[in-house]
>>> print(open('upload39.cif').read())   # mmCIF, C-alpha atoms
data_model
loop_
_atom_site.group_PDB
_atom_site.id
_atom_site.type_symbol
_atom_site.label_atom_id
_atom_site.label_comp_id
_atom_site.auth_asym_id
_atom_site.auth_seq_id
_atom_site.Cartn_x
_atom_site.Cartn_y
_atom_site.Cartn_z
ATOM 1 C CA MET M 1 1.361 38.205 3.136
ATOM 2 C CA LEU M 2 4.454 36.230 2.240
ATOM 3 C CA ALA M 3 6.645 38.851 3.890
ATOM 4 C CA GLN M 4 4.538 38.536 7.022
ATOM 5 C CA VAL M 5 4.958 34.763 7.153
ATOM 6 C CA ILE M 6 8.711 35.085 6.633
ATOM 7 C CA PHE M 7 8.984 37.799 9.272
ATOM 8 C CA TYR M 8 7.108 35.820 11.909
ATOM 9 C CA ALA M 9 9.076 32.644 11.142
ATOM 10 C CA LEU M 10 12.379 34.511 11.493
ATOM 11 C CA ALA M 11 11.166 36.297 14.611
ATOM 12 C CA ALA M 12 10.105 32.984 16.158
ATOM 13 C CA LEU M 13 13.489 31.436 15.357
ATOM 14 C CA THR M 14 15.352 34.428 16.779
ATOM 15 C CA VAL M 15 13.291 34.867 19.924
ATOM 16 C CA GLY M 16 13.158 31.122 20.606
ATOM 17 C CA SER M 17 16.907 30.774 20.282
ATOM 18 C CA ALA M 18 17.529 33.890 22.365
ATOM 19 C CA GLY M 19 15.193 32.493 25.007
ATOM 20 C CA LEU M 20 17.173 29.265 25.021
ATOM 21 C CA VAL M 21 20.372 31.301 25.429
ATOM 22 C CA ALA M 22 18.838 33.147 28.355
ATOM 23 C CA PHE M 23 17.119 30.275 30.147
ATOM 24 C CA SER M 24 19.161 27.167 29.343
ATOM 25 C CA ARG M 25 20.873 25.723 32.378
ATOM 26 C CA ASN M 26 23.725 24.315 30.329
ATOM 27 C CA ILE M 27 26.186 26.830 28.877
ATOM 28 C CA VAL M 28 26.940 24.524 25.928
ATOM 29 C CA TYR M 29 23.274 24.573 24.894
ATOM 30 C CA SER M 30 23.324 28.365 25.242
ATOM 31 C CA ALA M 31 26.349 28.600 22.942
ATOM 32 C CA PHE M 32 24.698 26.499 20.260
ATOM 33 C CA ALA M 33 21.361 28.278 20.647
ATOM 34 C CA LEU M 34 23.233 31.476 19.855
ATOM 35 C CA LEU M 35 23.646 30.049 16.327
ATOM 36 C CA GLY M 36 19.883 30.047 15.799
ATOM 37 C CA ALA M 37 19.575 33.581 17.130
ATOM 38 C CA PHE M 38 22.305 34.891 14.824
ATOM 39 C CA MET M 39 20.904 33.081 11.787
ATOM 40 C CA GLY M 40 17.448 34.463 12.466
ATOM 41 C CA ILE M 41 18.910 37.942 12.723
ATOM 42 C CA VAL M 42 20.694 37.437 9.377
ATOM 43 C CA GLY M 43 17.263 36.736 7.863
ATOM 44 C CA ILE M 44 15.814 39.831 9.529
ATOM 45 C CA TYR M 45 18.604 41.943 8.032
ATOM 46 C CA ILE M 46 17.887 40.567 4.559
ATOM 47 C CA LEU M 47 14.212 41.377 5.104
ATOM 48 C CA LEU M 48 15.318 44.937 5.883
ATOM 49 C CA ALA M 49 17.087 45.181 2.498
ATOM 50 C CA ALA M 50 20.535 45.205 4.117
ATOM 51 C CA ASP M 51 22.258 42.523 2.083
ATOM 52 C CA PHE M 52 25.820 43.608 2.847
ATOM 53 C CA VAL M 53 25.227 43.912 6.594
ATOM 54 C CA ALA M 54 23.566 40.479 6.556
ATOM 55 C CA MET M 55 26.639 38.937 4.956
ATOM 56 C CA VAL M 56 28.929 40.746 7.401
ATOM 57 C CA GLN M 57 26.774 39.413 10.225
ATOM 58 C CA LEU M 58 27.050 35.912 8.784
ATOM 59 C CA LEU M 59 30.831 36.128 8.415
ATOM 60 C CA VAL M 60 31.717 37.955 11.624
ATOM 61 C CA TYR M 61 29.083 36.689 14.055
ATOM 62 C CA VAL M 62 28.388 33.153 12.877
ATOM 63 C CA GLY M 63 31.817 32.487 11.404
ATOM 64 C CA GLY M 64 33.882 34.356 13.961
ATOM 65 C CA ILE M 65 32.351 35.289 17.283
ATOM 66 C CA LEU M 66 30.197 32.178 17.607
ATOM 67 C CA VAL M 67 33.063 29.817 16.779
ATOM 68 C CA LEU M 68 35.239 31.699 19.253
ATOM 69 C CA THR M 69 32.541 31.456 21.931
ATOM 70 C CA ILE M 70 32.088 27.732 21.409
ATOM 71 C CA PHE M 71 35.876 27.361 21.495
ATOM 72 C CA ALA M 72 36.030 29.182 24.829
ATOM 73 C CA VAL M 73 33.172 27.081 26.204
ATOM 74 C CA MET M 74 34.958 23.887 25.216
ATOM 75 C CA LEU M 75 38.365 25.051 26.489
ATOM 76 C CA THR M 76 37.098 25.887 29.945
ATOM 77 C CA ALA M 77 36.461 22.401 31.245
ATOM 78 C CA GLY M 78 34.180 21.853 34.204
ATOM 79 C CA ILE M 79 32.023 24.595 32.841
ATOM 80 C CA GLY M 80 28.872 22.680 33.705
ATOM 81 C CA ASP M 81 29.718 23.016 37.381
ATOM 82 C CA VAL M 82 29.256 26.760 37.375
ATOM 83 C CA LYS M 83 25.941 27.621 38.939
ATOM 84 C CA VAL M 84 23.551 29.332 36.592
ATOM 85 C CA SER M 85 22.141 31.766 39.087
ATOM 86 C CA ASN M 86 24.084 34.752 40.246
ATOM 87 C CA ARG M 87 24.307 35.462 43.922
ATOM 88 C CA ALA M 88 23.966 39.205 43.432
ATOM 89 C CA VAL M 89 21.003 39.060 41.061
ATOM 90 C CA GLY M 90 18.732 36.037 41.270
ATOM 91 C CA THR M 91 16.335 34.898 38.580
ATOM 92 C CA GLY M 92 13.373 36.719 40.138
ATOM 93 C CA PRO M 93 14.896 40.209 40.353
ATOM 94 C CA ALA M 94 16.462 39.730 36.902
ATOM 95 C CA ILE M 95 13.049 38.943 35.414
ATOM 96 C CA VAL M 96 11.684 42.046 37.126
ATOM 97 C CA VAL M 97 14.488 44.281 35.821
ATOM 98 C CA ALA M 98 14.338 42.913 32.272
ATOM 99 C CA GLY M 99 10.523 42.996 32.325
ATOM 100 C CA VAL M 100 10.373 46.589 33.501
ATOM 101 C CA ALA M 101 12.910 47.578 30.836
ATOM 102 C CA ALA M 102 10.837 45.751 28.209
ATOM 103 C CA ILE M 103 7.575 47.398 29.324
ATOM 104 C CA VAL M 104 9.108 50.878 29.339
ATOM 105 C CA MET M 105 10.531 50.360 25.846
ATOM 106 C CA LEU M 106 7.257 48.854 24.590
ATOM 107 C CA TYR M 107 5.405 51.876 25.930
ATOM 108 C CA ALA M 108 7.847 54.224 24.191
ATOM 109 C CA VAL M 109 7.645 52.292 20.907
ATOM 110 C CA MET M 110 3.867 52.138 20.891
ATOM 111 C CA ARG M 111 3.338 55.738 21.948
ATOM 112 C CA THR M 112 5.717 57.366 19.522
ATOM 113 C CA GLN M 113 4.447 58.326 16.122
ATOM 114 C CA TRP M 114 7.434 57.226 14.059
ATOM 115 C CA HIS M 115 8.147 59.017 10.851
ATOM 116 C CA GLN M 116 7.934 56.454 8.089
ATOM 117 C CA ALA M 117 9.103 57.158 4.602
ATOM 118 C CA ALA M 118 7.589 55.346 1.660
ATOM 119 C CA ALA M 119 8.728 51.747 1.397
ATOM 120 C CA ILE M 120 11.870 51.380 -0.653
ATOM 121 C CA THR M 121 12.525 48.622 -3.118
ATOM 122 C CA PRO M 122 15.490 46.517 -2.015
ATOM 123 C CA ALA M 123 18.581 47.251 -4.096
ATOM 124 C CA PRO M 124 22.228 46.192 -3.749
ATOM 125 C CA THR M 125 23.828 48.300 -1.026
ATOM 126 C CA THR M 126 27.486 47.370 -1.393
ATOM 127 C CA TYR M 127 28.366 50.183 -3.778
ATOM 128 C CA ALA M 128 26.859 52.918 -1.621
ATOM 129 C CA ILE M 129 28.326 51.520 1.595
ATOM 130 C CA GLY M 130 31.787 51.286 0.044
ATOM 131 C CA ASN M 131 31.538 54.867 -1.167
ATOM 132 C CA ALA M 132 30.386 56.053 2.250
ATOM 133 C CA PHE M 133 33.254 54.272 3.983
ATOM 134 C CA LEU M 134 35.799 56.032 1.794
ATOM 135 C CA GLY M 135 33.880 59.308 1.775
ATOM 136 C CA ASP M 136 31.881 60.629 4.719
ATOM 137 C CA TYR M 137 32.962 57.904 7.107
ATOM 138 C CA VAL M 138 36.644 57.630 6.252
ATOM 139 C CA LEU M 139 37.874 58.788 9.676
ATOM 140 C CA PRO M 140 35.740 56.318 11.703
ATOM 141 C CA PHE M 141 36.733 53.661 9.187
ATOM 142 C CA GLU M 142 40.436 54.243 9.800
ATOM 143 C CA VAL M 143 39.949 54.460 13.573
ATOM 144 C CA ALA M 144 38.122 51.132 13.334
ATOM 145 C CA SER M 145 41.217 49.548 11.809
ATOM 146 C CA LEU M 146 43.259 50.857 14.739
ATOM 147 C CA VAL M 147 40.734 49.431 17.205
ATOM 148 C CA LEU M 148 40.904 46.049 15.503
ATOM 149 C CA LEU M 149 44.706 46.125 15.547
ATOM 150 C CA ALA M 150 44.678 47.009 19.243
ATOM 151 C CA ALA M 151 42.217 44.180 19.927
ATOM 152 C CA LEU M 152 44.403 41.745 17.996
ATOM 153 C CA ILE M 153 47.566 42.673 19.889
ATOM 154 C CA GLY M 154 45.708 42.836 23.200
ATOM 155 C CA ALA M 155 44.255 39.358 22.737
ATOM 156 C CA ILE M 156 47.691 37.923 21.951
ATOM 157 C CA VAL M 157 49.306 39.644 24.942
ATOM 158 C CA ILE M 158 46.559 38.571 27.337
ATOM 159 C CA SER M 159 46.271 34.954 26.304
ATOM 160 C CA ARG M 160 49.875 33.939 25.600
ATOM 161 C CA HIS M 161 51.892 31.880 28.024
ATOM 162 C CA GLU M 162 54.774 33.828 29.433
ATOM 163 C CA VAL M 163 58.001 31.865 29.463
ATOM 164 C CA ARG M 164 60.391 33.169 32.064
ATOM 165 C CA GLU M 165 64.085 32.485 31.850
ATOM 166 C CA MET L 1 7.608 46.474 2.758
ATOM 167 C CA GLY L 2 3.993 45.545 2.092
ATOM 168 C CA GLY L 3 2.323 42.679 3.838
ATOM 169 C CA GLY L 4 1.560 44.901 6.793
ATOM 170 C CA ILE L 5 4.919 44.668 8.513
ATOM 171 C CA THR L 6 5.676 48.025 10.060
ATOM 172 C CA LEU L 7 8.587 49.583 11.872
ATOM 173 C CA ASN L 8 6.948 48.660 15.161
ATOM 174 C CA HIS L 9 7.213 44.950 14.390
ATOM 175 C CA PHE L 10 10.981 45.213 14.170
ATOM 176 C CA LEU L 11 11.244 47.478 17.210
ATOM 177 C CA VAL L 12 9.225 45.046 19.324
ATOM 178 C CA LEU L 13 11.319 42.107 18.103
ATOM 179 C CA SER L 14 14.451 44.043 18.989
ATOM 180 C CA LEU L 15 13.212 44.931 22.457
ATOM 181 C CA ILE L 16 12.334 41.292 23.165
ATOM 182 C CA ILE L 17 15.872 40.267 22.200
ATOM 183 C CA PHE L 18 17.276 43.119 24.288
ATOM 184 C CA SER L 19 15.304 41.997 27.343
ATOM 185 C CA LEU L 20 16.459 38.405 26.934
ATOM 186 C CA GLY L 21 20.046 39.628 26.624
ATOM 187 C CA LEU L 22 19.674 41.802 29.710
ATOM 188 C CA PHE L 23 18.269 38.826 31.595
ATOM 189 C CA THR L 24 21.222 36.700 30.468
ATOM 190 C CA VAL L 25 23.743 39.305 31.598
ATOM 191 C CA LEU L 26 22.060 39.668 34.983
ATOM 192 C CA THR L 27 21.617 35.992 35.832
ATOM 193 C CA ARG L 28 24.769 34.371 34.495
ATOM 194 C CA ARG L 29 27.728 33.883 36.728
ATOM 195 C CA ASN L 30 29.674 32.280 33.961
ATOM 196 C CA ALA L 31 31.736 34.959 32.223
ATOM 197 C CA ILE L 32 31.136 33.455 28.767
ATOM 198 C CA GLY L 33 27.403 33.463 29.460
ATOM 199 C CA ILE L 34 27.596 37.165 30.271
ATOM 200 C CA LEU L 35 29.377 37.777 26.962
ATOM 201 C CA MET L 36 26.601 35.899 25.144
ATOM 202 C CA GLY L 37 24.059 38.240 26.727
ATOM 203 C CA VAL L 38 26.086 41.226 25.563
ATOM 204 C CA GLU L 39 26.085 39.827 22.013
ATOM 205 C CA LEU L 40 22.286 39.552 22.105
ATOM 206 C CA ILE L 41 21.988 43.158 23.284
ATOM 207 C CA LEU L 42 24.310 44.400 20.521
ATOM 208 C CA ASN L 43 22.303 42.473 17.934
ATOM 209 C CA SER L 44 19.066 44.006 19.143
ATOM 210 C CA ALA L 45 20.605 47.454 18.754
ATOM 211 C CA ASN L 46 21.641 46.536 15.218
ATOM 212 C CA ILE L 47 18.113 45.465 14.314
ATOM 213 C CA ASN L 48 16.958 48.922 15.407
ATOM 214 C CA TYR L 49 19.607 50.632 13.290
ATOM 215 C CA LEU L 50 18.646 48.674 10.186
ATOM 216 C CA ALA L 51 14.907 49.037 10.783
ATOM 217 C CA PHE L 52 15.212 52.806 11.088
ATOM 218 C CA ALA L 53 17.459 52.892 8.025
ATOM 219 C CA PHE L 54 14.923 50.897 6.025
ATOM 220 C CA TYR L 55 11.823 52.782 7.123
ATOM 221 C CA GLY L 56 13.603 56.133 7.100
ATOM 222 C CA GLY L 57 13.815 56.292 3.339
ATOM 223 C CA GLY L 58 16.681 53.978 2.489
ATOM 224 C CA LYS L 59 19.656 56.011 3.659
ATOM 225 C CA TYR L 60 22.802 54.017 4.299
ATOM 226 C CA ASP L 61 23.990 55.663 7.524
ATOM 227 C CA GLY L 62 22.128 53.168 9.698
ATOM 228 C CA GLN L 63 23.707 50.248 7.896
ATOM 229 C CA ILE L 64 27.162 51.772 8.297
ATOM 230 C CA PHE L 65 26.616 52.181 12.037
ATOM 231 C CA ALA L 66 25.466 48.567 12.175
ATOM 232 C CA ILE L 67 28.729 47.498 10.525
ATOM 233 C CA PHE L 68 30.699 49.512 13.100
ATOM 234 C CA VAL L 69 28.721 47.846 15.898
ATOM 235 C CA ILE L 70 29.487 44.408 14.452
ATOM 236 C CA MET L 71 33.160 45.351 14.211
ATOM 237 C CA LEU L 72 33.280 46.516 17.825
ATOM 238 C CA ALA L 73 31.409 43.398 18.920
ATOM 239 C CA ALA L 74 34.091 41.288 17.283
ATOM 240 C CA ALA L 75 36.834 43.207 19.082
ATOM 241 C CA GLU L 76 34.909 42.924 22.348
ATOM 242 C CA ALA L 77 34.426 39.178 21.936
ATOM 243 C CA VAL L 78 38.109 38.618 21.148
ATOM 244 C CA ILE L 79 39.332 40.579 24.162
ATOM 245 C CA GLY L 80 36.597 39.268 26.453
ATOM 246 C CA LEU L 81 37.245 35.638 25.621
ATOM 247 C CA ALA L 82 41.024 36.132 25.899
ATOM 248 C CA VAL L 83 40.497 37.579 29.371
ATOM 249 C CA VAL L 84 38.166 34.689 30.237
ATOM 250 C CA LEU L 85 40.757 32.131 29.151
ATOM 251 C CA ALA L 86 43.504 33.950 31.092
ATOM 252 C CA ILE L 87 41.284 33.970 34.191
ATOM 253 C CA TYR L 88 40.585 30.280 33.683
ATOM 254 C CA GLN L 89 44.314 29.507 33.528
ATOM 255 C CA ASN L 90 44.918 31.347 36.797
ATOM 256 C CA PHE L 91 41.814 30.473 38.818
ATOM 257 C CA LYS L 92 40.650 27.219 37.166
ATOM 258 C CA THR L 93 37.165 28.678 37.057
ATOM 259 C CA ILE L 94 35.354 31.375 35.122
ATOM 260 C CA ASP L 95 32.834 32.053 37.846
ATOM 261 C CA VAL L 96 32.948 35.836 37.945
ATOM 262 C CA ASP L 97 32.439 35.789 41.716
ATOM 263 C CA ALA L 98 35.580 33.708 42.189
ATOM 264 C CA ALA L 99 37.848 36.061 40.284
ATOM 265 C CA GLU L 100 37.566 38.916 42.716
ATOM 266 C CA THR L 101 41.101 39.259 44.022
ATOM 267 C CA LEU L 102 41.213 42.782 42.561
ATOM 268 C CA ARG L 103 38.332 43.791 44.793
ATOM 269 C CA GLY L 104 39.422 46.355 47.363
#
>>> encode(input="upload39.cif", output="C-alpha coordinates")
Amino acid sequence: MLAQVIFYALAALTVGSAGLVAFSRNIVYSAFALLGAFMGIVGIYILLAADFVAMVQLLVYVGGILVLTIFAVMLTAGIGDVKVSNRAVGTGPAIVVAGVAAIVMLYAVMRTQWHQAAAITPAPTTYAIGNAFLGDYVLPFEVASLVLLAALIGAIVISRHEVRE
Amino acid sequence: MGGGITLNHFLVLSLIIFSLGLFTVLTRRNAIGILMGVELILNSANINYLAFAFYGGGKYDGQIFAIFVIMLAAAEAVIGLAVVLAIYQNFKTIDVDAAETLRG
(Lines of atoms letter the chains of each structure in order from A and count residues from 1; the text may use other names and numbers.)
(Lines give C-alpha, C1' and ligand atoms only; values in the text may rest on other atoms or scores of the structure.)
Protein backbone atom coordinates (compact mmCIF):
# COMPACT_ATOMS: atom_id res chain seq x y z
CA MET A 1 0.00 0.00 0.00
CA LEU A 2 2.74 2.41 0.98
CA ALA A 3 4.78 1.37 -2.05
CA GLN A 4 1.76 2.08 -4.23
CA VAL A 5 1.33 5.58 -2.83
CA ILE A 6 5.03 6.31 -3.30
CA PHE A 7 5.00 4.93 -6.83
CA TYR A 8 2.01 6.99 -7.92
CA ALA A 9 3.42 10.15 -6.31
CA LEU A 10 6.75 9.68 -8.10
CA ALA A 11 5.00 8.81 -11.35
CA ALA A 12 2.84 11.93 -11.08
CA LEU A 13 5.90 14.09 -10.43
CA THR A 14 7.79 12.54 -13.35
CA VAL A 15 4.96 12.60 -15.87
CA GLY A 16 3.85 16.10 -14.85
CA SER A 17 7.35 17.48 -15.21
CA ALA A 18 7.90 15.66 -18.50
CA GLY A 19 4.61 17.07 -19.74
CA LEU A 20 5.76 20.55 -18.79
CA VAL A 21 9.01 19.92 -20.69
CA ALA A 22 7.04 18.83 -23.73
CA PHE A 23 4.28 21.44 -23.72
CA SER A 24 5.78 24.55 -22.13
CA ARG A 25 6.10 27.42 -24.54
CA ASN A 26 9.10 28.85 -22.74
CA ILE A 27 12.36 26.91 -23.05
CA VAL A 28 13.53 28.15 -19.63
CA TYR A 29 10.48 26.58 -17.97
CA SER A 30 11.20 23.38 -19.90
CA ALA A 31 14.78 23.33 -18.61
CA PHE A 32 13.68 23.72 -15.01
CA ALA A 33 10.83 21.23 -15.40
CA LEU A 34 13.48 18.73 -16.46
CA LEU A 35 14.70 18.88 -12.83
CA GLY A 36 11.38 17.50 -11.57
CA ALA A 37 11.40 14.76 -14.18
CA PHE A 38 14.94 13.66 -13.28
CA MET A 39 14.24 13.75 -9.55
CA GLY A 40 11.11 11.67 -10.00
CA ILE A 41 13.10 9.16 -12.02
CA VAL A 42 15.72 9.00 -9.23
CA GLY A 43 12.89 8.00 -6.88
CA ILE A 44 11.65 5.39 -9.36
CA TYR A 45 15.15 3.90 -9.52
CA ILE A 46 15.31 3.67 -5.73
CA LEU A 47 11.91 1.98 -5.78
CA LEU A 48 13.41 -0.54 -8.21
CA ALA A 49 16.18 -1.37 -5.71
CA ALA A 50 18.86 0.27 -7.87
CA ASP A 51 20.55 2.47 -5.30
CA PHE A 52 23.82 2.91 -7.18
CA VAL A 53 22.14 3.76 -10.48
CA ALA A 54 19.90 6.25 -8.64
CA MET A 55 22.94 8.03 -7.23
CA VAL A 56 24.65 8.01 -10.63
CA GLN A 57 21.47 9.49 -12.09
CA LEU A 58 21.47 12.16 -9.40
CA LEU A 59 25.13 13.04 -9.96
CA VAL A 60 25.30 12.84 -13.75
CA TYR A 61 21.82 13.96 -14.79
CA VAL A 62 20.83 16.45 -12.11
CA GLY A 63 24.33 17.61 -11.25
CA GLY A 64 25.81 17.51 -14.73
CA ILE A 65 23.52 17.36 -17.73
CA LEU A 66 20.78 19.53 -16.24
CA VAL A 67 23.21 22.24 -15.11
CA LEU A 68 24.82 22.13 -18.54
CA THR A 69 21.42 22.43 -20.23
CA ILE A 70 20.39 25.38 -18.10
CA PHE A 71 23.79 26.94 -18.81
CA ALA A 72 23.24 26.55 -22.55
CA VAL A 73 19.73 27.98 -22.27
CA MET A 74 21.04 31.02 -20.42
CA LEU A 75 24.02 31.52 -22.75
CA THR A 76 21.91 31.59 -25.88
CA ALA A 77 20.19 34.91 -25.41
CA GLY A 78 17.02 35.70 -27.30
CA ILE A 79 16.03 32.12 -26.81
CA GLY A 80 12.44 33.11 -26.10
CA ASP A 81 12.11 34.37 -29.66
CA VAL A 82 12.46 30.92 -31.15
CA LYS A 83 9.07 29.65 -32.19
CA VAL A 84 7.97 26.57 -30.35
CA SER A 85 6.37 24.84 -33.29
CA ASN A 86 8.41 23.24 -35.98
CA ARG A 87 7.59 23.97 -39.57
CA ALA A 88 8.20 20.39 -40.66
CA VAL A 89 6.19 18.74 -37.88
CA GLY A 90 3.40 20.76 -36.31
CA THR A 91 1.81 20.06 -32.95
CA GLY A 92 -1.05 18.06 -34.47
CA PRO A 93 1.01 15.54 -36.47
CA ALA A 94 3.46 15.26 -33.55
CA ILE A 95 0.62 14.35 -31.19
CA VAL A 96 -0.55 11.77 -33.73
CA VAL A 97 2.92 10.24 -34.12
CA ALA A 98 3.64 10.16 -30.38
CA GLY A 99 0.11 8.89 -29.66
CA VAL A 100 0.34 6.09 -32.19
CA ALA A 101 3.74 5.09 -30.80
CA ALA A 102 2.29 5.12 -27.27
CA ILE A 103 -0.74 3.02 -28.27
CA VAL A 104 1.39 0.45 -30.08
CA MET A 105 3.71 0.14 -27.09
CA LEU A 106 0.78 -0.01 -24.65
CA TYR A 107 -0.74 -2.80 -26.73
CA ALA A 108 2.56 -4.70 -26.71
CA VAL A 109 3.03 -4.21 -22.95
CA MET A 110 -0.49 -5.28 -22.08
CA ARG A 111 -0.58 -8.25 -24.43
CA THR A 112 2.73 -9.78 -23.49
CA GLN A 113 2.85 -12.21 -20.63
CA TRP A 114 6.04 -11.02 -18.98
CA HIS A 115 8.10 -13.49 -17.06
CA GLN A 116 8.26 -12.26 -13.50
CA ALA A 117 10.60 -13.73 -10.97
CA ALA A 118 9.77 -13.64 -7.29
CA ALA A 119 10.16 -10.20 -5.77
CA ILE A 120 13.65 -9.60 -4.47
CA THR A 121 14.48 -7.82 -1.27
CA PRO A 122 16.43 -4.64 -1.96
CA ALA A 123 20.10 -5.03 -1.09
CA PRO A 124 23.15 -2.81 -1.72
CA THR A 125 24.19 -3.21 -5.35
CA THR A 126 27.50 -1.36 -5.40
CA TYR A 127 29.65 -4.39 -4.68
CA ALA A 128 28.14 -6.53 -7.42
CA ILE A 129 28.17 -3.70 -9.97
CA GLY A 130 31.82 -2.94 -9.23
CA ASN A 131 32.72 -6.60 -9.63
CA ALA A 132 30.80 -6.82 -12.90
CA PHE A 133 32.53 -3.73 -14.27
CA LEU A 134 35.95 -5.24 -13.63
CA GLY A 135 34.86 -8.74 -14.60
CA ASP A 136 32.34 -9.51 -17.34
CA TYR A 137 32.01 -5.93 -18.51
CA VAL A 138 35.63 -4.82 -18.41
CA LEU A 139 35.91 -4.25 -22.18
CA PRO A 140 32.78 -2.04 -22.46
CA PHE A 141 33.96 -0.26 -19.33
CA GLU A 142 37.30 0.61 -20.89
CA VAL A 143 35.69 1.59 -24.20
CA ALA A 144 33.39 3.86 -22.20
CA SER A 145 36.41 5.70 -20.83
CA LEU A 146 37.63 6.22 -24.40
CA VAL A 147 34.21 7.54 -25.43
CA LEU A 148 34.22 9.98 -22.53
CA LEU A 149 37.74 11.13 -23.40
CA ALA A 150 36.71 11.64 -27.03
CA ALA A 151 33.63 13.59 -25.91
CA LEU A 152 35.77 15.75 -23.63
CA ILE A 153 38.28 16.60 -26.36
CA GLY A 154 35.53 17.03 -28.95
CA ALA A 155 33.62 19.47 -26.76
CA ILE A 156 36.75 21.55 -26.18
CA VAL A 157 37.64 21.59 -29.89
CA ILE A 158 34.11 22.50 -30.96
CA SER A 159 33.43 25.24 -28.45
CA ARG A 160 36.78 27.03 -28.16
CA HIS A 161 37.44 30.33 -29.84
CA GLU A 162 40.06 30.03 -32.52
CA VAL A 163 42.63 32.79 -32.39
CA ARG A 164 44.27 33.31 -35.73
CA GLU A 165 47.62 35.01 -36.03
CA MET B 1 7.60 -5.44 -4.49
CA GLY B 2 4.28 -6.00 -2.75
CA GLY B 3 1.59 -3.39 -2.72
CA GLY B 4 0.39 -4.56 -6.11
CA ILE B 5 2.90 -2.69 -8.23
CA THR B 6 3.80 -4.86 -11.18
CA LEU B 7 6.23 -4.68 -14.05
CA ASN B 8 3.47 -3.24 -16.20
CA HIS B 9 3.20 -0.15 -14.00
CA PHE B 10 6.81 0.74 -14.72
CA LEU B 11 6.54 -0.11 -18.41
CA VAL B 12 3.50 2.13 -18.81
CA LEU B 13 5.22 4.96 -16.93
CA SER B 14 8.23 4.56 -19.19
CA LEU B 15 6.16 4.59 -22.36
CA ILE B 16 4.37 7.77 -21.25
CA ILE B 17 7.74 9.46 -20.71
CA PHE B 18 8.95 8.12 -24.06
CA SER B 19 5.92 9.55 -25.86
CA LEU B 20 6.38 12.94 -24.21
CA GLY B 21 10.05 12.89 -25.21
CA LEU B 22 9.16 11.94 -28.77
CA PHE B 23 6.65 14.77 -28.87
CA THR B 24 9.30 17.19 -27.60
CA VAL B 25 11.81 16.09 -30.23
CA LEU B 26 9.24 16.42 -33.01
CA THR B 27 7.80 19.82 -32.10
CA ARG B 28 10.81 21.78 -30.90
CA ARG B 29 12.73 23.93 -33.28
CA ASN B 30 15.08 24.99 -30.57
CA ALA B 31 18.10 22.68 -30.61
CA ILE B 32 18.34 22.61 -26.81
CA GLY B 33 14.67 21.66 -26.63
CA ILE B 34 15.35 18.74 -28.96
CA LEU B 35 18.18 17.61 -26.68
CA MET B 36 15.81 17.75 -23.70
CA GLY B 37 13.44 15.43 -25.56
CA VAL B 38 16.30 13.03 -26.23
CA GLU B 39 17.15 13.03 -22.51
CA LEU B 40 13.55 12.09 -21.67
CA ILE B 41 13.64 9.23 -24.18
CA LEU B 42 16.93 7.91 -22.76
CA ASN B 43 15.50 8.07 -19.24
CA SER B 44 12.44 6.11 -20.28
CA ALA B 45 14.70 3.42 -21.73
CA ASN B 46 16.60 3.33 -18.44
CA ILE B 47 13.41 2.83 -16.45
CA ASN B 48 12.70 -0.20 -18.64
CA TYR B 49 16.18 -1.60 -18.05
CA LEU B 50 15.88 -1.27 -14.29
CA ALA B 51 12.31 -2.57 -14.18
CA PHE B 52 13.27 -5.69 -16.12
CA ALA B 53 16.35 -6.12 -13.93
CA PHE B 54 14.23 -5.87 -10.79
CA TYR B 55 11.40 -8.13 -11.90
CA GLY B 56 13.75 -10.53 -13.68
CA GLY B 57 15.18 -11.91 -10.48
CA GLY B 58 17.63 -9.26 -9.35
CA LYS B 59 20.42 -9.70 -11.87
CA TYR B 60 22.72 -6.71 -12.25
CA ASP B 61 23.12 -6.66 -16.04
CA GLY B 62 20.19 -4.29 -16.50
CA GLN B 63 21.62 -1.85 -14.00
CA ILE B 64 25.00 -1.95 -15.73
CA PHE B 65 23.38 -1.18 -19.08
CA ALA B 66 21.53 1.69 -17.43
CA ILE B 67 24.86 3.09 -16.21
CA PHE B 68 26.27 2.84 -19.74
CA VAL B 69 23.20 4.66 -21.08
CA ILE B 70 23.66 7.43 -18.51
CA MET B 71 27.33 7.68 -19.47
CA LEU B 72 26.52 7.95 -23.17
CA ALA B 73 23.80 10.49 -22.42
CA ALA B 74 26.37 12.63 -20.64
CA ALA B 75 28.72 12.44 -23.62
CA GLU B 76 25.84 13.22 -25.97
CA ALA B 77 24.75 16.22 -23.91
CA VAL B 78 28.29 17.61 -23.76
CA ILE B 79 28.86 17.33 -27.50
CA GLY B 80 25.33 18.41 -28.39
CA LEU B 81 25.45 21.53 -26.25
CA ALA B 82 28.95 22.39 -27.50
CA VAL B 83 27.65 22.16 -31.06
CA VAL B 84 24.62 24.27 -30.10
CA LEU B 85 26.84 26.97 -28.60
CA ALA B 86 29.13 26.92 -31.66
CA ILE B 87 26.09 27.28 -33.93
CA TYR B 88 24.85 30.13 -31.77
CA GLN B 89 28.18 31.94 -32.09
CA ASN B 90 28.07 31.65 -35.88
CA PHE B 91 24.38 32.14 -36.63
CA LYS B 92 23.16 34.06 -33.55
CA THR B 93 20.27 31.63 -33.34
CA ILE B 94 19.77 28.00 -32.40
CA ASP B 95 16.71 27.56 -34.56
CA VAL B 96 17.57 24.29 -36.28
CA ASP B 97 15.88 25.49 -39.47
CA ALA B 98 18.20 28.49 -39.67
CA ALA B 99 21.40 26.47 -39.46
CA GLU B 100 20.94 24.71 -42.76
CA THR B 101 23.87 25.99 -44.80
CA LEU B 102 25.16 22.41 -45.03
CA ARG B 103 21.99 21.39 -46.82
CA GLY B 104 22.71 20.37 -50.40
>>> interface_residues(input="upload39.cif", of="chain L", to="chain M", cutoff="7 Å", atoms="only C-alpha atoms", output="MDAnalysis selection string")
chainID L and resid 1 3 5 8 12:13 15:17 19:24 26:30 33 50:51 54:58 60 63:64 67 74:75 77:79 81:83 85:86 88 95
>>> closest_residue(input="upload39.cif", among="L:Val25, L:Phe18, L:Gly62, L:Ile87", to="Leu40 in chain L", atoms="all atoms listed in the file")
L:Phe18
>>> atom_distance(input="upload39.cif", atom1="CA of Leu72 in chain L", atom2="CA of Val38 in chain L")
11.8 Å
>>> atom_distance(input="upload39.cif", atom1="CA of Tyr49 in chain L", atom2="CA of Met39 in chain M")
17.7 Å
>>> atom_distance(input="upload39.cif", atom1="CA of Leu35 in chain L", atom2="CA of Gly80 in chain L")
7.4 Å
